[in-house]
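Enquirer: One structure is given below, represented as structure tokens, and several questions about it will come after.
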Amino acid sequence: PKGSSVTRPTPLESQEALWRLVERAAGSIYREAQIDSRLRVYWEEMDVRGTAYALLSLVKFGQSKDSLLVQGGITWLLEQLNTESVAGNHKGDSWEAQVWDTALGLTAYKRVKGATLHEVERYLDYVRELNHRAVNWHDEVWETCFAMTAMLEDSGTTSTFDYPWLLKCLEWLSRQIRHDDDERDGSVQDSFHYTALYLRLRCRVSQLAGQGRLHHLPSQQRSDLQSIPEECVGFLVRGLEKDEHLWTGEVWANSYCLMALIECNRFPVEYEDKCINWFAKHVSSGGDFGSVEDTSLAGEALYALYCARQKRRLRDPANFDELLEKAAMQRPSGDAGVIMDQELIVVPPRLATRRPTGDVVVYLSVETQ
């Protein structure tokens, strides 16, 4: 209205609003959990994919991997595994005989248990080898990215990832990037979410290469894999520049895009409020974003954005005391643990306490790049 002015939120107010969205998403996932008489836990009417998404997000939010909720979910997932055979030959174990479900289930299991399921990996290998070139899964970017992400998830049993198919699959994915159209340059098959999935996968490969865990590859190839495909970054960044919308009208797709840019440390800070506002407009009064898949992905993406903002703010020492005191006042008294990293210290709200002695003890959630 004429004569009025719009007051933009301060960075601290914006951060608190972001954290409330994360809390509401996490609360919704907790409330949607269904527990049977045998303490098995599942989501969305016994849905494998929804249960895997929920478990991954809860662990990301800090839920103990040993909790009844998480362990009950893993127990339920394991009971849904099917043995796949062709002409009497065992081809491994899968969830729903689907690559997407199987990859997500395996990722959730590895994330919680720190171990792998060899028969599930065997099934994923079998499906890849159905392609006469064995360079992808079903000629699909979506399934190939999910399967590779699952295989490259840490299992705790091996220190390296000496998969002979790794380079061939990455090369196939790179050939899906467009280079012939100014607006779509850098896109994977003209899709924002395909581009995001590929970029997240490349971030993971870059991390493994930098850690020396791809030692079966020649040194030049390891060096090349540490780089991020900047053309894909550019395509996603350009997608933020249009009108009031984000990349798409879908929560799950926007969540993947947001996580991809944050994970490779390329998210432009000038679009942070735009993202927060978009997700705030699409959350329900109960804190969910629709399905448990949408809610889990949105919660993870918003949590990643929260941590990225917190890292940046805490690089300014002037902000540290303010955040520490605010966190201490919001947390009930009690014991707390402290974890420190030499490079990054993240202090979420409500994760600190003041002891009777007057000392402030803080839970420090460390996010590594």
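So you can find residues: chains in the structure tokens are A, B, ... in the order shown, residues in each start at 1, and ligands are numbered from 1 in order.
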DSSP on the backbone: which residues in stretch 7-125 of chain A end up as helix (DSSP H, G or I)? Give the answer as a PyMOL selection string.
Expert: chain A and resi 11-32+48-61+68-79+99-113+118-125
Enquirer: Excluding A:Glu171 and residues on its chain fewer than 5 positions from it, collect all residues at most 12 Å away from it, counting only C-alpha atoms, and give them as a PyMOL selection string.
Expert: chain A and resi 134-136+141+144+165-166+176-177+198+202+221+225
Enquirer: At a cut-off of 6 Å, using only C-alpha atoms, what residues contact A:Glu119? Leave out same-chain residues fewer than 3 positions from it and give the result as a PyMOL selection string.
Expert: chain A and resi 92-93+122
Enquirer: Using all heavy atoms, can you export the residues from the last selection as a CSV table (one decimal), in the first residue's frame?
Expert:
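Written output follows (selection-v5.csv):
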```
chain,number,residue,atom,x,y,z
A,92,GLY,N,20.0,-62.0,-6.3
A,92,GLY,CA,20.1,-61.0,-5.2
A,92,GLY,C,18.8,-60.7,-4.5
A,92,GLY,O,17.8,-61.3,-4.8
A,93,ASP,N,18.8,-59.8,-3.6
A,93,ASP,CA,17.7,-59.4,-2.8
A,93,ASP,C,17.3,-57.9,-3.2
A,93,ASP,O,18.2,-57.1,-3.4
A,93,ASP,CB,17.9,-59.4,-1.3
A,93,ASP,CG,18.2,-60.9,-0.9
A,93,ASP,OD1,17.8,-61.8,-1.6
A,93,ASP,OD2,18.8,-61.0,0.2
A,122,ARG,N,24.3,-57.1,-4.9
A,122,ARG,CA,24.3,-58.1,-6.0
A,122,ARG,C,23.1,-57.9,-7.0
A,122,ARG,O,23.3,-57.9,-8.2
A,122,ARG,CB,24.2,-59.5,-5.4
A,122,ARG,CG,24.2,-60.6,-6.5
A,122,ARG,CD,24.2,-62.0,-5.8
A,122,ARG,NE,24.1,-63.1,-6.7
A,122,ARG,CZ,24.1,-64.3,-6.4
A,122,ARG,NH1,24.1,-64.7,-5.1
A,122,ARG,NH2,24.0,-65.3,-7.3
```
Enquirer: I need the residue nearest A:Asp294 from this list: A:Asn254, A:Gln220, A:Gln211, A:Thr160. Use only C-alpha atoms for the distance.
Expert: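 Closest residue, counting only C-alpha atoms: A:Asn254.
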Enquirer: Would you compute the distance between atom CA of A:Val70 and atom CA of A:Val112? Give it in Å to one decimal.
Expert: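 Answer for the atom CA of A:Val70 to atom CA of A:Val112 separation: 7.9 Å.
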Enquirer: Within 7 Å of A:Glu153, counting only C-alpha atoms, which residues show up once you throw out same-chain ones fewer than 3 positions away? Write them as a list in words, please.
Expert: Thr107, Lys110, Thr149 and Ala150 of chain A
Enquirer: DSSP on the backbone: what in stretch 93-292 of chain A comes out strand (DSSP E or B), as a compact mmCIF listing (two decimals) with N, CA and C atoms, in the first residue's frame?
Expert:
```txt
# COMPACT_ATOMS: atom_id res chain seq x y z
N ASP A 93 18.85 -59.78 -3.58
CA ASP A 93 17.66 -59.38 -2.84
C ASP A 93 17.29 -57.95 -3.21
N SER A 94 15.99 -57.69 -3.27
CA SER A 94 15.54 -56.35 -3.63
C SER A 94 14.33 -55.95 -2.81
N ILE A 177 24.39 -34.42 -20.42
CA ILE A 177 24.39 -32.97 -20.19
C ILE A 177 24.29 -32.24 -21.53
N VAL A 188 20.86 -31.77 -17.31
CA VAL A 188 20.86 -33.19 -17.60
C VAL A 188 19.48 -33.55 -18.13
N SER A 191 16.25 -31.38 -17.36
CA SER A 191 15.50 -31.55 -16.11
C SER A 191 16.27 -30.97 -14.93
```
Enquirer: May I ask which of the residues A:Val283, A:Leu208, A:Ile276, A:Ala108 is the closest one to A:Ala301, counting only C-alpha atoms?
Expert: A:Ile276
